[in-house]
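Enquirer: So I've got this file, protein_9.tsv, and it contains TSV, C-alpha atoms:
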```
chain	number	residue	atom	x	y	z
A	572	MET	CA	-118.56	-37.42	-35.91
A	573	ILE	CA	-116.53	-36.85	-39.05
A	574	THR	CA	-116.50	-33.07	-38.56
A	575	LYS	CA	-114.81	-33.46	-35.16
A	576	VAL	CA	-112.20	-35.76	-36.71
A	577	ILE	CA	-111.47	-33.23	-39.45
A	578	GLU	CA	-111.09	-30.44	-36.88
A	579	ALA	CA	-108.68	-32.55	-34.81
A	580	ILE	CA	-106.62	-33.45	-37.86
A	581	LYS	CA	-106.33	-29.80	-38.89
A	582	LYS	CA	-105.18	-28.77	-35.39
A	583	SER	CA	-102.44	-31.43	-35.08
A	584	SER	CA	-99.15	-31.62	-36.95
A	585	SER	CA	-97.92	-35.16	-36.31
A	586	PHE	CA	-99.71	-38.47	-35.90
A	587	LEU	CA	-99.17	-42.00	-34.67
A	588	ILE	CA	-101.45	-44.31	-36.68
A	589	THR	CA	-102.29	-47.77	-35.37
A	590	ALA	CA	-104.96	-50.49	-35.42
A	591	HIS	CA	-105.86	-53.72	-33.70
A	592	VAL	CA	-103.62	-56.75	-33.16
A	593	ASN	CA	-103.84	-59.58	-35.71
A	594	LEU	CA	-103.69	-57.31	-38.73
A	595	GLU	CA	-105.97	-58.01	-41.70
A	596	GLY	CA	-107.10	-56.28	-44.87
A	597	ASP	CA	-109.23	-53.53	-43.37
A	598	SER	CA	-106.84	-52.52	-40.61
A	599	LEU	CA	-103.90	-52.47	-43.03
A	600	GLY	CA	-105.62	-50.81	-45.97
A	601	SER	CA	-107.23	-48.10	-43.86
A	602	GLN	CA	-103.98	-47.29	-42.04
A	603	LEU	CA	-101.95	-47.00	-45.23
A	604	ALA	CA	-104.61	-44.81	-46.86
A	605	MET	CA	-104.84	-42.64	-43.74
A	606	LYS	CA	-101.08	-42.06	-43.77
A	607	GLU	CA	-101.31	-40.88	-47.39
A	608	LEU	CA	-104.21	-38.58	-46.49
A	609	LEU	CA	-102.23	-36.96	-43.68
A	610	ASN	CA	-99.06	-36.65	-45.77
A	611	ASN	CA	-101.05	-34.96	-48.53
A	612	LEU	CA	-102.26	-32.45	-45.95
A	613	GLY	CA	-98.66	-31.68	-45.01
A	614	LYS	CA	-98.82	-33.63	-41.75
A	615	ALA	CA	-96.16	-35.97	-40.38
A	616	ALA	CA	-97.48	-39.51	-39.85
A	617	PHE	CA	-96.09	-42.93	-39.09
A	618	ILE	CA	-97.72	-46.33	-38.60
A	619	VAL	CA	-96.80	-48.55	-35.67
A	620	ASP	CA	-98.61	-51.86	-35.09
A	621	SER	CA	-98.24	-54.51	-32.45
A	622	ASP	CA	-97.94	-57.27	-35.08
A	623	SER	CA	-96.07	-57.69	-38.33
A	624	VAL	CA	-97.72	-57.30	-41.72
A	625	PRO	CA	-98.93	-60.75	-42.86
A	626	GLU	CA	-97.00	-62.09	-45.84
A	627	HIS	CA	-99.97	-62.02	-48.24
A	628	TYR	CA	-100.52	-58.30	-47.59
A	629	LYS	CA	-96.94	-57.18	-48.12
A	630	PHE	CA	-97.76	-56.27	-51.72
A	631	LEU	CA	-99.77	-53.29	-50.45
A	632	PRO	CA	-98.21	-49.95	-51.42
A	633	LYS	CA	-95.71	-48.77	-48.75
A	634	ALA	CA	-96.51	-51.72	-46.46
A	635	GLU	CA	-92.78	-51.84	-45.71
A	636	GLU	CA	-93.16	-48.50	-43.87
A	637	ILE	CA	-95.31	-50.11	-41.16
A	638	SER	CA	-93.21	-50.61	-38.04
A	639	LYS	CA	-93.72	-52.80	-35.00
A	640	ARG	CA	-90.88	-51.16	-33.06
A	641	ILE	CA	-92.14	-49.76	-29.75
A	642	ASP	CA	-89.96	-46.66	-29.45
A	643	LYS	CA	-91.02	-44.63	-26.43
A	644	ASN	CA	-89.05	-41.64	-27.74
A	645	LEU	CA	-91.48	-41.17	-30.62
A	646	VAL	CA	-92.89	-37.65	-30.70
A	647	PHE	CA	-96.41	-37.00	-32.02
A	648	ASP	CA	-99.37	-34.74	-31.32
A	649	ALA	CA	-102.19	-37.24	-31.72
A	650	ALA	CA	-102.78	-40.99	-31.87
A	651	LEU	CA	-105.14	-41.98	-34.66
A	652	ILE	CA	-106.59	-45.43	-33.94
A	653	LEU	CA	-108.45	-47.25	-36.69
A	654	ASP	CA	-110.71	-50.30	-36.76
A	655	CYS	CA	-110.36	-51.02	-33.05
A	656	PRO	CA	-113.31	-51.30	-30.62
A	657	THR	CA	-111.22	-51.13	-27.42
A	658	LEU	CA	-107.94	-49.44	-26.57
A	659	LYS	CA	-106.45	-52.65	-25.22
A	660	ARG	CA	-106.82	-54.24	-28.67
A	661	ILE	CA	-103.92	-52.16	-30.04
A	662	GLY	CA	-101.59	-54.35	-27.99
A	663	LYS	CA	-98.08	-53.11	-27.18
A	664	VAL	CA	-98.63	-49.82	-29.03
A	665	LYS	CA	-100.70	-48.70	-26.04
A	666	ASP	CA	-97.39	-48.17	-24.21
A	667	LEU	CA	-96.61	-45.28	-26.59
A	668	ILE	CA	-99.75	-43.30	-25.77
A	669	SER	CA	-99.63	-41.25	-22.58
A	670	LYS	CA	-102.81	-40.37	-20.71
A	671	ASP	CA	-102.68	-36.74	-21.82
A	672	LYS	CA	-102.27	-37.60	-25.52
A	673	LEU	CA	-105.08	-36.77	-27.94
A	674	ILE	CA	-106.71	-39.97	-29.24
A	675	ILE	CA	-108.79	-39.92	-32.43
A	676	ASN	CA	-110.90	-43.08	-32.61
A	677	ILE	CA	-112.27	-44.08	-36.04
A	678	ASP	CA	-114.16	-47.36	-36.10
A	679	HIS	CA	-117.21	-49.20	-37.45
A	680	HIS	CA	-117.66	-51.80	-34.69
A	681	VAL	CA	-120.95	-51.53	-32.79
A	682	SER	CA	-119.07	-52.59	-29.64
A	683	ASN	CA	-116.67	-49.62	-29.77
A	684	GLU	CA	-116.05	-48.21	-26.28
A	685	LYS	CA	-115.51	-44.63	-27.55
A	686	PHE	CA	-112.17	-44.45	-25.77
A	687	GLY	CA	-110.89	-41.36	-27.60
A	688	GLN	CA	-111.23	-37.67	-26.94
A	689	VAL	CA	-112.55	-37.58	-30.51
A	690	ASN	CA	-114.76	-40.53	-31.52
A	691	TRP	CA	-116.21	-41.27	-34.93
A	692	VAL	CA	-117.97	-44.62	-34.66
A	693	ASP	CA	-120.26	-45.63	-37.52
A	694	PRO	CA	-121.65	-49.19	-37.27
A	695	ASN	CA	-123.39	-48.67	-40.61
A	696	ALA	CA	-120.07	-48.38	-42.43
A	697	SER	CA	-118.85	-51.59	-44.03
A	698	SER	CA	-115.29	-51.04	-42.87
A	699	ALA	CA	-112.77	-48.57	-41.52
A	700	GLY	CA	-111.64	-48.26	-45.13
A	701	GLU	CA	-115.04	-46.91	-46.13
A	702	MET	CA	-114.77	-44.29	-43.38
A	703	VAL	CA	-111.29	-43.22	-44.47
A	704	TYR	CA	-112.61	-42.90	-48.03
A	705	ARG	CA	-115.21	-40.45	-46.70
A	706	LEU	CA	-112.43	-38.41	-45.07
A	707	PHE	CA	-110.67	-38.10	-48.43
A	708	LYS	CA	-113.89	-36.79	-49.96
A	709	GLU	CA	-114.78	-34.42	-47.12
A	710	MET	CA	-111.26	-32.97	-46.95
A	711	GLY	CA	-110.87	-32.62	-50.70
A	712	VAL	CA	-107.79	-34.83	-50.97
A	713	SER	CA	-107.35	-36.59	-54.31
A	714	LEU	CA	-107.13	-40.35	-54.57
A	715	THR	CA	-104.40	-42.17	-56.48
A	716	LYS	CA	-104.32	-45.73	-57.80
A	717	GLU	CA	-102.22	-46.78	-54.79
A	718	ILE	CA	-104.63	-45.22	-52.27
A	719	ALA	CA	-107.61	-46.68	-54.12
A	720	LEU	CA	-105.99	-50.14	-53.93
A	721	CYS	CA	-105.56	-49.86	-50.15
A	722	LEU	CA	-109.15	-48.71	-49.66
A	723	TYR	CA	-110.55	-51.35	-52.02
A	724	ILE	CA	-108.78	-54.15	-50.15
A	725	ALA	CA	-110.00	-52.75	-46.82
A	726	ILE	CA	-113.60	-52.86	-48.05
A	727	LEU	CA	-113.28	-56.13	-49.98
A	728	THR	CA	-111.92	-58.12	-47.07
A	729	ASP	CA	-114.19	-56.74	-44.34
A	730	THR	CA	-117.31	-57.42	-46.39
A	731	GLY	CA	-116.25	-60.99	-47.18
A	732	SER	CA	-115.86	-60.10	-50.87
A	733	PHE	CA	-119.15	-58.17	-50.67
A	734	ASN	CA	-121.01	-61.22	-49.31
A	735	TYR	CA	-121.64	-60.10	-45.71
A	736	ASP	CA	-124.69	-58.12	-44.67
A	737	ASN	CA	-122.53	-55.06	-43.87
A	738	THR	CA	-122.42	-54.57	-47.65
A	739	SER	CA	-124.70	-51.76	-48.80
A	740	SER	CA	-125.44	-50.01	-52.07
A	741	VAL	CA	-123.08	-47.26	-50.90
A	742	THR	CA	-120.35	-49.85	-50.40
A	743	HIS	CA	-120.73	-51.00	-54.00
A	744	GLU	CA	-120.73	-47.41	-55.26
A	745	ILE	CA	-117.47	-46.70	-53.44
A	746	ALA	CA	-115.90	-49.94	-54.67
A	747	GLY	CA	-116.95	-49.06	-58.22
A	748	GLU	CA	-115.30	-45.66	-57.96
A	749	LEU	CA	-112.09	-47.18	-56.57
A	750	LEU	CA	-111.92	-49.62	-59.49
A	751	GLY	CA	-112.03	-46.58	-61.76
A	752	TYR	CA	-108.53	-45.65	-60.58
A	753	GLY	CA	-107.14	-48.75	-62.27
A	754	VAL	CA	-107.45	-51.29	-59.48
A	755	ASP	CA	-107.61	-54.80	-60.99
A	756	PRO	CA	-110.18	-56.85	-58.98
A	757	ALA	CA	-109.00	-60.19	-60.37
A	758	ARG	CA	-105.39	-59.44	-59.44
A	759	VAL	CA	-106.42	-58.25	-55.98
A	760	SER	CA	-108.42	-61.42	-55.36
A	761	GLU	CA	-105.48	-63.54	-56.44
A	762	ASP	CA	-103.02	-61.63	-54.25
A	763	VAL	CA	-105.22	-61.76	-51.15
A	764	TYR	CA	-106.88	-65.16	-51.41
A	765	GLU	CA	-104.94	-67.38	-53.78
A	766	ARG	CA	-101.30	-67.16	-52.77
A	767	ARG	CA	-101.04	-70.14	-50.45
A	768	SER	CA	-98.13	-72.51	-50.02
A	769	VAL	CA	-98.36	-76.29	-49.80
A	770	ALA	CA	-97.78	-75.86	-46.05
A	771	ASP	CA	-100.76	-73.51	-45.83
A	772	ILE	CA	-103.04	-76.05	-47.52
A	773	LYS	CA	-101.84	-78.83	-45.22
A	774	PHE	CA	-102.51	-76.50	-42.30
A	775	LEU	CA	-106.06	-75.92	-43.55
A	776	GLY	CA	-106.55	-79.69	-43.75
A	777	MET	CA	-105.45	-80.10	-40.13
A	778	VAL	CA	-107.80	-77.35	-38.96
A	779	LEU	CA	-110.75	-78.78	-40.88
A	780	SER	CA	-110.09	-82.18	-39.31
A	781	THR	CA	-110.95	-80.67	-35.92
A	782	LEU	CA	-114.46	-79.72	-37.04
A	783	GLN	CA	-117.14	-80.42	-34.45
A	784	VAL	CA	-120.88	-79.75	-34.55
A	785	ASN	CA	-123.17	-79.68	-31.52
A	786	LYS	CA	-126.07	-82.10	-31.09
A	787	THR	CA	-128.64	-79.71	-32.53
A	788	GLY	CA	-126.47	-78.87	-35.53
A	789	ASP	CA	-126.62	-75.10	-35.08
A	790	VAL	CA	-123.11	-74.57	-33.67
A	791	ALA	CA	-119.93	-75.63	-35.46
A	792	TYR	CA	-116.38	-75.01	-34.31
A	793	LEU	CA	-112.75	-75.51	-35.30
A	794	GLU	CA	-109.41	-75.37	-33.49
A	795	ILE	CA	-105.97	-74.07	-34.34
A	796	THR	CA	-103.06	-75.24	-32.21
A	797	ARG	CA	-99.39	-74.33	-32.05
A	798	ASN	CA	-98.58	-77.92	-32.88
A	799	MET	CA	-100.34	-77.61	-36.26
A	800	LEU	CA	-98.20	-74.63	-37.15
A	801	ASN	CA	-95.04	-76.35	-35.96
A	802	GLN	CA	-95.82	-79.48	-37.98
A	803	THR	CA	-96.69	-77.70	-41.20
A	804	GLY	CA	-94.55	-74.55	-41.02
A	805	ALA	CA	-97.62	-72.64	-42.24
A	806	ASP	CA	-98.24	-68.91	-42.00
A	807	VAL	CA	-100.82	-68.38	-39.24
A	808	SER	CA	-102.13	-65.24	-40.96
A	809	LYS	CA	-103.50	-67.50	-43.70
A	810	SER	CA	-106.07	-68.78	-41.19
A	811	GLU	CA	-108.05	-65.59	-41.78
A	812	GLY	CA	-111.41	-66.82	-43.03
A	813	PHE	CA	-111.08	-70.44	-41.88
A	814	VAL	CA	-114.04	-69.94	-39.55
A	815	ASN	CA	-116.26	-69.44	-42.59
A	816	TYR	CA	-115.90	-73.12	-43.48
A	817	ALA	CA	-117.80	-73.91	-40.28
A	818	ARG	CA	-120.24	-71.08	-40.95
A	819	SER	CA	-121.06	-72.48	-44.39
A	820	ILE	CA	-122.53	-75.70	-42.98
A	821	ASP	CA	-126.26	-75.94	-43.51
A	822	LYS	CA	-128.35	-75.12	-40.42
A	823	VAL	CA	-125.35	-73.71	-38.51
A	824	LYS	CA	-126.22	-70.43	-36.78
A	825	VAL	CA	-122.93	-69.81	-34.95
A	826	ALA	CA	-119.44	-70.77	-36.11
A	827	ILE	CA	-116.42	-70.51	-33.84
A	828	ILE	CA	-112.68	-70.94	-34.23
A	829	PHE	CA	-110.44	-71.38	-31.18
A	830	LYS	CA	-106.81	-70.40	-31.78
A	831	GLU	CA	-104.00	-70.91	-29.29
A	832	ASP	CA	-102.09	-67.69	-28.74
A	833	LEU	CA	-98.62	-67.95	-30.27
A	834	ILE	CA	-97.00	-65.96	-27.46
A	835	ASP	CA	-99.00	-66.77	-24.32
A	836	SER	CA	-99.91	-70.45	-24.01
A	837	GLY	CA	-102.53	-69.59	-21.40
A	838	ARG	CA	-104.64	-67.55	-23.81
A	839	ILE	CA	-107.05	-68.54	-26.57
A	840	ASN	CA	-108.16	-66.24	-29.39
A	841	VAL	CA	-111.81	-66.89	-30.19
A	842	SER	CA	-113.55	-65.76	-33.37
A	843	PHE	CA	-117.32	-65.94	-33.87
A	844	ARG	CA	-119.40	-65.79	-37.04
A	845	ALA	CA	-123.20	-65.79	-37.08
A	846	LYS	CA	-125.64	-66.72	-39.82
A	847	GLY	CA	-129.23	-65.53	-39.83
A	848	ASP	CA	-130.81	-63.22	-37.28
A	849	ASP	CA	-131.18	-65.60	-34.34
A	850	VAL	CA	-128.05	-64.56	-32.44
A	851	ASP	CA	-125.85	-61.51	-31.92
A	852	VAL	CA	-122.31	-62.84	-31.48
A	853	ASN	CA	-121.08	-59.38	-30.48
A	854	LYS	CA	-122.94	-59.85	-27.19
A	855	ILE	CA	-121.29	-63.23	-26.67
A	856	ALA	CA	-117.83	-61.80	-27.37
A	857	ALA	CA	-118.57	-58.85	-25.07
A	858	TYR	CA	-119.33	-61.26	-22.22
A	859	PHE	CA	-115.71	-62.44	-22.51
A	860	GLY	CA	-114.29	-58.93	-22.83
A	861	GLY	CA	-114.26	-58.75	-26.63
A	862	GLY	CA	-116.53	-57.33	-29.27
A	863	GLY	CA	-117.13	-56.58	-32.91
A	864	HIS	CA	-120.32	-56.88	-34.93
A	865	ALA	CA	-123.57	-58.81	-34.59
A	866	LYS	CA	-122.41	-61.27	-37.26
A	867	ALA	CA	-118.63	-61.25	-36.68
A	868	SER	CA	-116.87	-60.77	-33.36
A	869	GLY	CA	-113.93	-61.99	-31.33
A	870	CYS	CA	-112.38	-62.13	-27.89
A	871	ILE	CA	-109.37	-63.43	-25.99
A	872	VAL	CA	-110.06	-65.85	-23.15
A	873	ASP	CA	-107.50	-66.95	-20.56
A	874	GLY	CA	-107.32	-70.65	-19.70
A	875	ARG	CA	-106.50	-74.08	-21.06
A	876	PRO	CA	-107.95	-74.89	-24.49
A	877	ASP	CA	-110.46	-77.41	-23.11
A	878	GLU	CA	-111.61	-74.99	-20.39
A	879	VAL	CA	-112.04	-72.09	-22.80
A	880	LYS	CA	-113.91	-74.25	-25.30
A	881	ARG	CA	-116.28	-75.50	-22.61
A	882	LYS	CA	-117.02	-71.99	-21.28
A	883	VAL	CA	-117.52	-70.42	-24.68
A	884	LEU	CA	-119.70	-73.21	-26.03
A	885	ALA	CA	-121.83	-73.12	-22.86
A	886	LYS	CA	-122.41	-69.37	-23.31
A	887	VAL	CA	-123.32	-69.82	-26.99
A	888	GLU	CA	-125.81	-72.54	-26.06
A	889	GLU	CA	-127.33	-70.29	-23.38
A	890	VAL	CA	-127.84	-67.49	-25.86
A	891	LEU	CA	-129.24	-69.74	-28.60
A	892	ARG	CA	-131.70	-71.42	-26.22
A	893	GLY	CA	-132.81	-68.13	-24.68
A	894	ARG	CA	-131.40	-68.97	-21.27
A	895	ASP	CA	-128.83	-66.17	-21.08
A	896	THR	CA	-129.71	-64.05	-18.05
A	897	SER	CA	-126.21	-63.22	-16.83
A	898	SER	CA	-123.76	-60.46	-17.62
A	899	ARG	CA	-120.09	-60.43	-16.87
```
Spit out the file's structure as structure tokens when you get a sec.
Expert:
Amino acid sequence: MITKVIEAIKKSSSFLITAHVNLEGDSLGSQLAMKELLNNLGKAAFIVDSDSVPEHYKFLPKAEEISKRIDKNLVFDAALILDCPTLKRIGKVKDLISKDKLIINIDHHVSNEKFGQVNWVDPNASSAGEMVYRLFKEMGVSLTKEIALCLYIAILTDTGSFNYDNTSSVTHEIAGELLGYGVDPARVSEDVYERRSVADIKFLGMVLSTLQVNKTGDVAYLEITRNMLNQTGADVSKSEGFVNYARSIDKVKVAIIFKEDLIDSGRINVSFRAKGDDVDVNKIAAYFGGGGHAKASGCIVDGRPDEVKRKVLAKVEEVLRGRDTSSR
């Protein structure tokens, strides 16, 4: 609960802030806003992530202060983990957190494993950014234009520009307040969604050319390979949202994108998106050790691309046809 988080923050003096691998708008915006919150309370705080900040998010205020250096000599009282359903999803940063270290877990994923000593998990929140906004309000810390920008981007991106069903009237009220600090929605949209290179567009074309639809037309999937990135020189972070092209196809209930891991060739990153109420993709992702939300989830599966695709598609078919009786 939020009260427990506030108590833990008040009792600690220094914080490691981190989030999940494959950084995106919510994880970045919420971390940067959280650091400002803690600094305003007179606390020491630093952000360390397993991955680098994607190029199209480097315009965020103080994004250059985010480090990916795993320094085991770092000294801090508490680890504050945002937007992450499982501890293993923070990647290499896990090596910095000893077993006796206080972990504050703030997340909105229904699949959250409540791995912290202090857990605030709210599946009704649109984003981690929305939860951090509530901390500012509860702790009486003033917002600035820069903080409002970080929180707005966190909410904007995790709601699919306010199109996903995790968008509520409260979400719109918060977004409206944040715009009141001088955030320019048109400029934000341009910075986040419309700064693509020619290589990025060619990359999108290659990915779309892999589109496949199952025989019944309710599952569509795409693939991203290392070879595509090597051929185009594109920024892989720009693939955020590609899966929604498959999701947009009429009659599709589940969209999937299979992405070869850039470091480990024996691993495939799988992202799921659901449309309608017929399937909970969080349960599918959980079967493979991942998680997320009913409409948007992901997992990492070991194996060759063809093997992983076969296993994942078989599980999706089982769930859609009501034949899923197994658990991992």
Enquirer: Padding of 8 Å on every side, edges along x, y and z, all listed atoms of region 878-893 of chain A included: what centre and edge lengths in Å, to one decimal, does that box have, as lines of an AutoDock Vina configuration file?
Expert:
```
center_x = -122.2
center_y = -71.5
center_z = -24.5
size_x = 37.2
size_y = 24.0
size_z = 24.2
```
Enquirer: Give me the residues within 10 Å of Gly753 (chain A) as a list in words, counting only C-alpha atoms and dropping any in the same chain fewer than 6 places off.
Expert: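 Close residues of Gly753 (chain A): Thr715, Lys716, Glu717, Ala719 and Leu720 of chain A.
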Enquirer: Go ahead and compute the interatomic distance for CA of Val681 (chain A) and CA of Pro694 (chain A), in Å to one decimal.
Expert: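 Spanning CA of Val681 (chain A) to CA of Pro694 (chain A) is a straight-line distance of 5.1 Å.
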Enquirer: Go through A:Val879, A:Leu612, A:Val890, A:Ala791 one by one, measure the shortest atom-to-atom distance of each to Ser713 (chain A) using only C-alpha atoms, and give the residue with the smallest value.
Expert: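 Among A:Val879, A:Leu612, A:Val890, A:Ala791, it is A:Leu612 that comes nearest to Ser713 (chain A).
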Enquirer: Counting all atoms listed in the file, which residue out of A:Ile674, A:Leu587, A:Val807, A:Ile855 sits closest to Pro625 (chain A)?
Expert: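 Among the listed residues, the smallest separation from Pro625 (chain A) belongs to A:Val807.
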Enquirer: Please determine, counting all atoms listed in the file, which residue among A:Val850, A:Val754, A:Ala590, A:Met702 has the shortest atom-to-atom distance to Lys824 (chain A).
Expert: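 Smallest separation from Lys824 (chain A) among the options: A:Val850.
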Enquirer: What separation in Å, quoted to one decimal, exists between CA of Val692 (chain A) and CA of Asp666 (chain A)?
Expert: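 A separation of 23.4 Å between them.
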Enquirer: Between A:Asp678, A:Asp622, A:Glu888, A:Glu635, which has the minimum distance to Lys786 (chain A) (counting all atoms listed in the file)?
Expert: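 The closest residue to Lys786 (chain A) is A:Glu888.
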Enquirer: Which is closest to Val624 (chain A) among A:Asn593, A:Ser868, A:Ser819, A:Asn610, if we use all atoms listed in the file?
Expert: A:Asn593
Enquirer: Give me, please, the distance in Å between CA of Glu636 (chain A) and CA of Met605 (chain A), quoted to one decimal.
Expert: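 Between CA of Glu636 (chain A) and CA of Met605 (chain A) the gap is 13.1 Å.
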Enquirer: Can you find the residues with an atom no farther than 9 Å from (-95.1, -53.4, -39.3), counting only C-alpha atoms, and report them as a list in words?
Expert: Ile618, Val619, Asp620, Ser621, Asp622, Ser623, Val624, Ala634, Glu635, Glu636, Ile637, Ser638, Lys639 and Arg640 of chain A
Enquirer: Tell me which residues come within 8 Å of (-122.7, -53.7, -53.8), as a list in words, counting all atoms listed in the file in the file's coordinates.
Expert: Phe733, Thr738, Ser739, Ser740, Val741, Thr742, His743, Glu744 and Ala746 of chain A
Enquirer: Find the spatial neighbours of Thr787 (chain A), counting only C-alpha atoms, within a cut-off of 12 Å - ignore same-chain residues fewer than 6 positions away - and output them as a list in words.
Expert: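 The residues satisfying every condition are Asp821, Lys822, Val823, Lys824, Val825, Glu888, Leu891 and Arg892 of chain A.
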Enquirer: Kindly indicate which residue among A:Glu831, A:Asp806, A:Glu701, A:Asp873 lies nearest to His679 (chain A), using only C-alpha atoms for the distances.
Expert: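 Distance minimum relative to His679 (chain A) lands on A:Glu701.
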